[in-house]
Each structure stands twice: as structure tokens, then as C-alpha cells.
>>> print(open('input-v3.txt').read())   # compact mmCIF, C-alpha atoms
# COMPACT_ATOMS: atom_id res chain seq x y z
CA MET B 10 9.38 10.05 10.82
CA ILE B 11 8.94 6.85 8.84
CA LEU B 12 8.53 3.74 10.97
CA ASP B 13 9.71 0.17 10.40
CA ARG B 14 6.18 -1.19 10.31
CA ASP B 15 2.57 -0.09 10.14
CA VAL B 16 0.92 1.33 13.25
CA SER B 17 -1.49 -0.92 15.14
CA ASP B 18 -4.49 0.22 17.16
CA ASP B 19 -2.50 0.02 20.40
CA ASP B 20 0.44 1.92 18.89
CA TYR B 21 -1.56 5.14 18.62
CA ASP B 22 -2.16 5.40 22.36
CA ARG B 23 1.41 4.33 23.14
CA LEU B 24 2.73 7.08 20.89
CA PHE B 25 0.46 9.68 22.49
CA GLU B 26 1.46 8.65 26.01
CA ALA B 27 5.15 8.52 25.10
CA GLY B 28 5.01 12.28 24.46
CA LEU B 29 3.83 12.48 20.85
CA ASP B 30 0.60 14.31 21.66
CA ASP B 31 2.10 17.16 19.62
CA SER B 32 2.40 14.91 16.56
CA SER B 33 0.16 12.88 14.26
CA PRO B 34 0.74 9.18 13.59
CA GLY B 35 -0.56 7.77 10.37
CA SER B 36 -0.28 5.06 7.77
CA GLU B 37 0.55 5.31 4.08
CA ASN B 38 1.15 2.44 1.63
CA GLY B 39 1.21 -0.02 4.51
CA ARG B 40 3.98 1.89 6.30
CA GLY B 41 3.54 3.75 9.57
CA TYR B 42 4.78 7.27 10.14
CA VAL B 43 4.62 10.04 12.71
CA ALA B 44 4.19 13.59 11.43
CA VAL B 45 6.07 15.69 14.00
CA SER B 46 5.65 19.40 14.75
CA ARG B 47 7.71 20.10 17.79
CA ASP B 48 8.95 23.30 19.48
CA ALA B 49 12.46 23.00 20.91
CA PRO B 50 15.49 25.25 21.42
CA ARG B 51 17.10 23.74 18.34
CA LEU B 52 15.97 21.53 15.46
CA LEU B 53 18.47 18.97 16.73
CA ASP B 54 16.70 18.84 20.10
CA ALA B 55 13.33 18.37 18.40
CA ILE B 56 14.66 15.49 16.29
CA VAL B 57 16.36 13.72 19.19
CA SER B 58 13.38 14.06 21.53
CA ALA B 59 10.93 12.87 18.88
CA VAL B 60 13.08 9.82 18.09
CA HIS B 61 13.30 9.01 21.81
CA ASP B 62 9.53 9.28 22.16
CA VAL B 63 8.89 6.93 19.21
CA VAL B 64 11.35 4.37 20.60
CA ARG B 65 9.80 4.67 24.06
CA ALA B 66 6.45 3.81 22.45
CA GLY B 67 7.97 0.59 21.16
CA LEU B 68 8.35 1.59 17.52
CA ARG B 69 11.42 2.13 15.42
CA PRO B 70 11.98 5.21 13.23
CA ILE B 71 13.97 4.34 10.12
CA ALA B 72 13.93 7.59 8.15
CA ILE B 73 12.87 11.21 8.22
CA ALA B 74 11.03 12.76 5.30
CA ASP B 75 11.11 16.53 5.10
CA GLU B 76 8.05 18.35 3.94
CA ASP B 77 7.40 21.38 1.85
CA LEU B 78 4.45 22.99 3.63
CA VAL B 79 5.19 25.91 5.95
CA THR B 80 3.33 28.58 7.90
CA LEU B 81 3.85 32.34 7.61
CA GLY B 82 5.69 32.16 10.92
CA GLN B 83 8.13 29.60 9.53
CA ILE B 84 8.63 31.74 6.41
CA ALA B 85 9.40 34.69 8.68
CA GLU B 86 11.99 32.65 10.63
CA ARG B 87 13.66 31.29 7.51
CA SER B 88 13.78 34.66 5.75
CA GLY B 89 14.87 36.68 8.79
CA ARG B 90 11.80 38.91 8.62
CA THR B 91 8.99 39.68 11.04
CA HIS B 92 5.72 37.81 10.81
CA GLU B 93 3.95 41.07 9.90
CA SER B 94 6.43 41.79 7.12
CA VAL B 95 5.84 38.39 5.56
CA ARG B 96 2.09 38.74 5.98
CA LEU B 97 2.18 42.02 4.05
CA LEU B 98 4.28 40.41 1.31
CA ALA B 99 1.86 37.50 1.14
CA THR B 100 -1.17 39.76 0.79
CA GLY B 101 0.55 41.95 -1.80
CA ARG B 102 0.25 45.06 0.34
CA ARG B 103 4.01 45.31 0.34
CA GLY B 104 6.57 44.24 -2.21
CA PRO B 105 6.19 43.16 -5.85
CA GLY B 106 3.12 40.98 -5.37
CA GLY B 107 2.55 37.57 -6.87
CA PHE B 108 3.32 35.78 -3.62
CA PRO B 109 2.51 32.06 -3.96
CA ALA B 110 -1.06 31.15 -3.10
CA ALA B 111 -1.81 29.72 0.31
CA VAL B 112 -3.70 26.57 1.14
CA GLY B 113 -6.30 26.88 3.87
CA SER B 114 -7.32 30.12 5.51
CA GLY B 115 -6.85 32.18 8.65
CA LYS B 116 -4.68 30.56 11.26
CA THR B 117 -4.13 27.41 9.26
CA SER B 118 -2.78 28.85 6.00
CA LEU B 119 0.11 26.85 4.58
CA TYR B 120 2.50 27.63 1.76
CA SER B 121 4.86 25.60 -0.41
CA TRP B 122 8.39 26.40 0.76
CA ALA B 123 9.70 25.54 -2.71
CA GLU B 124 7.40 28.17 -4.25
CA VAL B 125 8.05 30.75 -1.55
CA SER B 126 11.84 30.42 -1.66
CA ASP B 127 11.71 30.68 -5.48
CA TRP B 128 9.60 33.84 -5.12
CA PHE B 129 12.10 35.39 -2.72
CA ALA B 130 14.90 34.64 -5.17
CA GLU B 131 13.12 35.81 -8.33
CA LYS B 132 11.18 38.79 -7.01
CA LEU B 133 13.40 40.10 -4.22
CA GLY B 134 16.78 38.73 -5.24
CA VAL B 135 17.08 37.14 -1.80
CA VAL B 136 18.34 33.62 -1.21
CA VAL B 137 16.93 32.37 2.08
CA GLN B 138 19.80 30.51 3.74
CA PRO B 139 18.67 29.11 7.11
CA TYR B 140 16.56 26.41 5.57
CA ASP B 141 19.58 24.80 3.91
CA ALA B 142 21.12 24.07 7.31
CA ASP B 143 17.87 22.60 8.60
CA ALA B 144 17.42 20.47 5.48
CA ARG B 145 20.97 19.13 5.83
CA LEU B 146 20.46 18.25 9.49
CA LEU B 147 17.21 16.43 8.72
CA ALA B 148 18.91 14.54 5.89
CA ALA B 149 21.80 13.58 8.18
CA ALA B 150 19.40 12.42 10.89
CA SER B 151 17.49 10.37 8.35
CA HIS B 152 20.70 8.72 7.12
CA ILE B 153 21.64 7.83 10.69
CA LEU B 154 18.23 6.28 11.35
CA ARG B 155 18.49 4.27 8.13
CA ALA B 156 21.99 3.10 9.06
CA ARG B 157 20.76 1.98 12.49
CA ALA B 158 18.07 -0.09 10.82
CA LEU B 159 20.64 -1.75 8.53
CA ALA B 160 23.65 -2.53 10.68
CA PRO B 161 24.46 -3.53 14.28
CA THR B 162 25.21 -0.74 16.75
CA GLU B 163 28.81 -1.85 17.31
CA ASP B 164 29.53 -1.76 13.58
CA LEU B 165 28.04 1.70 13.31
CA ALA B 166 30.14 2.95 16.21
CA LEU B 167 33.28 1.78 14.40
CA LEU B 168 32.13 3.41 11.18
CA ALA B 169 31.32 6.68 12.92
CA SER B 170 34.78 6.88 14.41
CA ALA B 171 36.62 5.91 11.21
CA MET C 21 -17.57 13.98 2.18
CA VAL C 22 -19.41 15.52 5.12
CA SER C 23 -17.60 15.08 8.42
CA ALA C 24 -19.54 12.87 10.80
CA GLY C 25 -19.10 14.67 14.10
CA ARG C 26 -17.87 17.79 15.84
CA HIS C 27 -14.43 17.77 17.39
CA PRO C 28 -14.16 19.55 20.77
CA LYS C 29 -11.35 21.82 19.48
CA ASN C 30 -12.39 24.66 17.14
CA PRO C 31 -9.19 24.84 15.02
CA ILE C 32 -9.56 21.15 14.20
CA ASN C 33 -13.21 21.59 13.32
CA ALA C 34 -12.19 24.40 10.96
CA VAL C 35 -10.06 21.93 9.01
CA ILE C 36 -12.38 18.92 9.01
CA SER C 37 -15.38 21.02 8.04
CA GLU C 38 -13.68 22.12 4.80
CA LEU C 39 -12.49 18.80 3.46
CA SER C 40 -12.35 18.10 -0.25
CA GLN C 41 -14.27 15.17 -1.64
CA GLY C 42 -11.20 12.96 -1.62
CA ILE C 43 -10.70 13.06 2.18
CA GLU C 44 -13.02 11.54 4.75
CA VAL C 45 -13.28 11.77 8.52
CA VAL C 46 -13.71 8.40 10.22
CA LEU C 47 -14.78 8.51 13.85
CA VAL C 48 -12.80 6.19 16.13
CA HIS C 49 -13.43 7.38 19.73
CA LYS C 50 -10.91 4.88 21.05
CA GLY C 51 -8.23 5.83 23.53
CA HIS C 52 -6.66 9.13 22.51
CA ARG C 53 -7.96 8.99 18.94
CA TRP C 54 -11.07 11.02 18.24
CA GLY C 55 -10.95 9.90 14.62
CA VAL C 56 -8.75 9.65 11.54
CA LEU C 57 -8.52 11.45 8.24
CA GLU C 58 -8.58 9.00 5.36
CA CYS C 59 -7.63 9.55 1.73
CA VAL C 60 -10.28 7.89 -0.42
CA GLU C 61 -7.87 7.39 -3.33
CA CYS C 62 -4.80 5.86 -1.70
CA GLY C 63 -6.17 4.73 1.68
CA ALA C 64 -3.65 6.69 3.77
CA THR C 65 -4.82 7.65 7.24
CA GLU C 66 -3.70 10.08 9.93
CA ALA C 67 -4.87 10.24 13.54
CA ILE C 68 -6.99 13.05 14.93
CA TRP C 69 -6.33 13.30 18.68
CA SER C 70 -9.15 14.08 21.11
CA THR C 71 -6.80 16.17 23.28
CA PRO C 72 -3.79 17.27 21.24
CA ARG C 73 -1.07 19.19 23.06
CA ASP C 74 -1.78 22.22 20.87
CA ALA C 75 -5.00 22.36 18.85
CA ASP C 76 -3.71 24.93 16.33
CA ASN C 77 -0.59 22.89 15.58
CA HIS C 78 -2.63 19.71 15.30
CA ALA C 79 -5.03 21.43 12.90
CA ARG C 80 -2.07 22.54 10.76
CA ARG C 81 -0.80 18.94 10.75
CA LEU C 82 -4.17 17.69 9.53
CA LEU C 83 -4.29 20.37 6.85
CA LYS C 84 -0.90 19.17 5.60
CA PHE C 85 -2.36 15.68 5.25
CA VAL C 86 -5.24 17.11 3.22
CA VAL C 87 -2.87 19.00 0.94
CA ARG C 88 -0.55 16.00 0.50
CA HIS C 89 -3.52 13.87 -0.54
CA SER C 90 -5.07 16.26 -3.03
CA HIS C 91 -4.28 13.68 -5.70
CA ASP C 92 -6.32 15.40 -8.34
CA GLY C 93 -4.64 18.75 -7.71
CA GLU C 94 -7.59 20.31 -5.94
CA GLY C 95 -7.23 21.48 -2.29
>>> encode(input="input-v3.txt", output="C-alpha cells")
Amino acid sequence: MILDRDVSDDDYDRLFEAGLDDSSPGSENGRGYVAVSRDAPRLLDAIVSAVHDVVRAGLRPIAIADEDLVTLGQIAERSGRTHESVRLLATGRRGPGGFPAAVGSGKTSLYSWAEVSDWFAEKLGVVVQPYDADARLLAAASHILRARALAPTEDLALLASA
Amino acid sequence: MVSAGRHPKNPINAVISELSQGIEVVLVHKGHRWGVLECVECGATEAIWSTPRDADNHARRLLKFVVRHSHDGEG
């Protein structure tokens, strides 16, 4: 989540105590952000709860940037396979091999979703669908946050119901 | 750069002990922040909590910062 200003020293503790102890606040190019990894029944619930927590900490999210790095577990969810199946594909012990290289090792290995989804398409002829829905929801949420930062609430309510 | 301290959570130590030259650990020890990761090239920073909700998830978060800030293409 991109914030409307940079994070101050006090902001870090406010964010932690507002419920973002599962996330990592940071600063890039003079702009604050909170990198969120949150478990929830649905992606929608994770987004809404994270936005509430940031607002409760006294900051204002104005956009959501999606990211490309995923774990083997996330690859398994998005491809509809078991974790073990994906692990075997990744190590080349099953399937055509050539799985995209990981970053990190052991429990913290990460993969580029762009590379992995391309590999599934090219090597297995499989288009992994679930991610598209997630990406669209994140984009919609980001647009809503941007709109809230640009226009008064009452105007947005009228627009939303038009 | 060599990290300047040992974090109490092992998964986080696993990440900060393998940093590339372009990422530094800066100790903070203030409130909930144990330290921050800092990109030497662009100056971006990200908090390292002393007591994250889940150490493995927090370690993965920090690794993503490292990967994002591999400006010269090296991990």
C-alpha cells in the first residue's frame, strides 16, 4: 500500500500497534508504503482489513502496487496444484524442467510470478487463471483508494451509484 | 555489508546474514523496530520488526525488499 506521505519515526509504532505487525512499512523515493502479507478468508478481506489498519494508525493509503514475487505455496494455490507437486516441478524431478530460478533458499525461496506463469503456459500448455481475478481486484482497490484521495466522499458516492 | 547484530528470530537472521553488497542493515532498537534494511543505491528503507506476528512471513517480506533493490541485477 502506497501512503500519502513518508513515514515518520512515530508512524512505525502506530502501524505496528494498529495491527500491521504482519506487514513491513518502508520508504522509497520520499514516499511511505506498507508491504502487506496478510492471511484472510478472501483477498478482499485482507485488503479491507489492511486499509482499516493503516487508517487507524493515522495514515492514508492512496494506491496499491501489486508485486511479482511469490512463494511455492502461492504458486500451488494459483495453479491448482499441491505444494509438493509444484516443488517437484521446481526442482526438475517432475515435468519438463527449466523451471524459473528461485531467489533465496529453503523456506524463503521466492519466484517471479511473471516467469512462472510463462513457464506454465510454454512448457505445460496451462494458463493459470486465478491470479487474473486477484490482480483485477487489487487494481480496482487501488483505483478506489486513488479516487478517495482525489475527490470528496460525497462526490464519490454519487459517482459510484451513477 | 556485514549485518551489525543478531535478530532474535532465526528466519530473519537467515535473510539479513545473506545480504548483497547493495543492502545494509541499520540497527534502530526503537519501539517495535529492531532495525531497517536500507538500499545503498536508492536510499529506500524497510522496517525489521523485533516481534513480527510471523517470523517466516516477515523474513519473506524482507527478502522481497532485497530482490526489489538488486539494482545491478545481482541477488
>>> residues_around(input="input-v3.txt", residues="stretch 28-31 of chain C", least_positions_apart="2", cutoff="8 Å", atoms="only C-alpha atoms", output="PDB file with C-alpha atoms, keeping the file's coordinate frame")
ATOM      1  CA  ARG C  26     -17.870  17.790  15.840  1.00  0.00           C
ATOM      2  CA  ASN C  33     -13.210  21.590  13.320  1.00  0.00           C
ATOM      3  CA  ALA C  34     -12.190  24.400  10.960  1.00  0.00           C
ATOM      4  CA  VAL C  35     -10.060  21.930   9.010  1.00  0.00           C
ATOM      5  CA  SER C  70      -9.150  14.080  21.110  1.00  0.00           C
ATOM      6  CA  ALA C  75      -5.000  22.360  18.850  1.00  0.00           C
ATOM      7  CA  ASP C  76      -3.710  24.930  16.330  1.00  0.00           C
ATOM      8  CA  ALA C  79      -5.030  21.430  12.900  1.00  0.00           C
TER       9      ALA C  79
END
>>> interface_residues(input="input-v3.txt", of="chain C", to="chain B", cutoff="7 Å", atoms="only C-alpha atoms", output="list in words")
Gly51, His52, Ala64, Thr65, Glu66, Ala67, Pro72, Arg73, Asp74, His78, Arg80 and Lys84 of chain C
>>> residues_around(input="input-v3.txt", residues="B:Val63", least_positions_apart="4", cutoff="8 Å", atoms="all atoms listed in the file", output="ChimeraX atom specification")
/B:24,27,29,59,67-70
>>> atom_distance(input="input-v3.txt", atom1="atom CA of C:Ser90", atom2="atom CA of C:Ser37")
15.9 Å
>>> atom_distance(input="input-v3.txt", atom1="atom CA of B:Leu97", atom2="atom CA of C:Leu83")
22.8 Å
>>> atom_distance(input="input-v3.txt", atom1="atom CA of B:Val135", atom2="atom CA of B:Ser88")
8.6 Å
>>> residues_around(input="input-v3.txt", residues="stretch 53-59 of chain C", least_positions_apart="2", cutoff="7 Å", atoms="all atoms listed in the file", output="PDB file with C-alpha atoms, in the frame of the given file")
ATOM      1  CA  GLY C  42     -11.200  12.960  -1.620  1.00  0.00           C
ATOM      2  CA  ILE C  43     -10.700  13.060   2.180  1.00  0.00           C
ATOM      3  CA  GLU C  44     -13.020  11.540   4.750  1.00  0.00           C
ATOM      4  CA  VAL C  45     -13.280  11.770   8.520  1.00  0.00           C
ATOM      5  CA  VAL C  46     -13.710   8.400  10.220  1.00  0.00           C
ATOM      6  CA  LEU C  47     -14.780   8.510  13.850  1.00  0.00           C
ATOM      7  CA  VAL C  48     -12.800   6.190  16.130  1.00  0.00           C
ATOM      8  CA  HIS C  49     -13.430   7.380  19.730  1.00  0.00           C
ATOM      9  CA  LYS C  50     -10.910   4.880  21.050  1.00  0.00           C
ATOM     10  CA  GLY C  51      -8.230   5.830  23.530  1.00  0.00           C
ATOM     11  CA  GLU C  61      -7.870   7.390  -3.330  1.00  0.00           C
ATOM     12  CA  CYS C  62      -4.800   5.860  -1.700  1.00  0.00           C
ATOM     13  CA  GLY C  63      -6.170   4.730   1.680  1.00  0.00           C
ATOM     14  CA  ALA C  64      -3.650   6.690   3.770  1.00  0.00           C
ATOM     15  CA  THR C  65      -4.820   7.650   7.240  1.00  0.00           C
ATOM     16  CA  GLU C  66      -3.700  10.080   9.930  1.00  0.00           C
ATOM     17  CA  ALA C  67      -4.870  10.240  13.540  1.00  0.00           C
ATOM     18  CA  ILE C  68      -6.990  13.050  14.930  1.00  0.00           C
ATOM     19  CA  TRP C  69      -6.330  13.300  18.680  1.00  0.00           C
ATOM     20  CA  SER C  70      -9.150  14.080  21.110  1.00  0.00           C
ATOM     21  CA  HIS C  89      -3.520  13.870  -0.540  1.00  0.00           C
TER      22      HIS C  89
END
>>> residues_near_point(input="input-v3.txt", point="(17.4, 5.1, 9.9)", cutoff="12 Å", atoms="all atoms listed in the file", output="PyMOL selection string")
chain B and resi 10-13+60+69-74+147-162+165
>>> residues_around(input="input-v3.txt", residues="B:Val137", least_positions_apart="6", cutoff="9 Å", atoms="only C-alpha atoms", output="list in words")
Arg87, Ser88, Gly89, Ser126, Phe129 and Ala130 of chain B
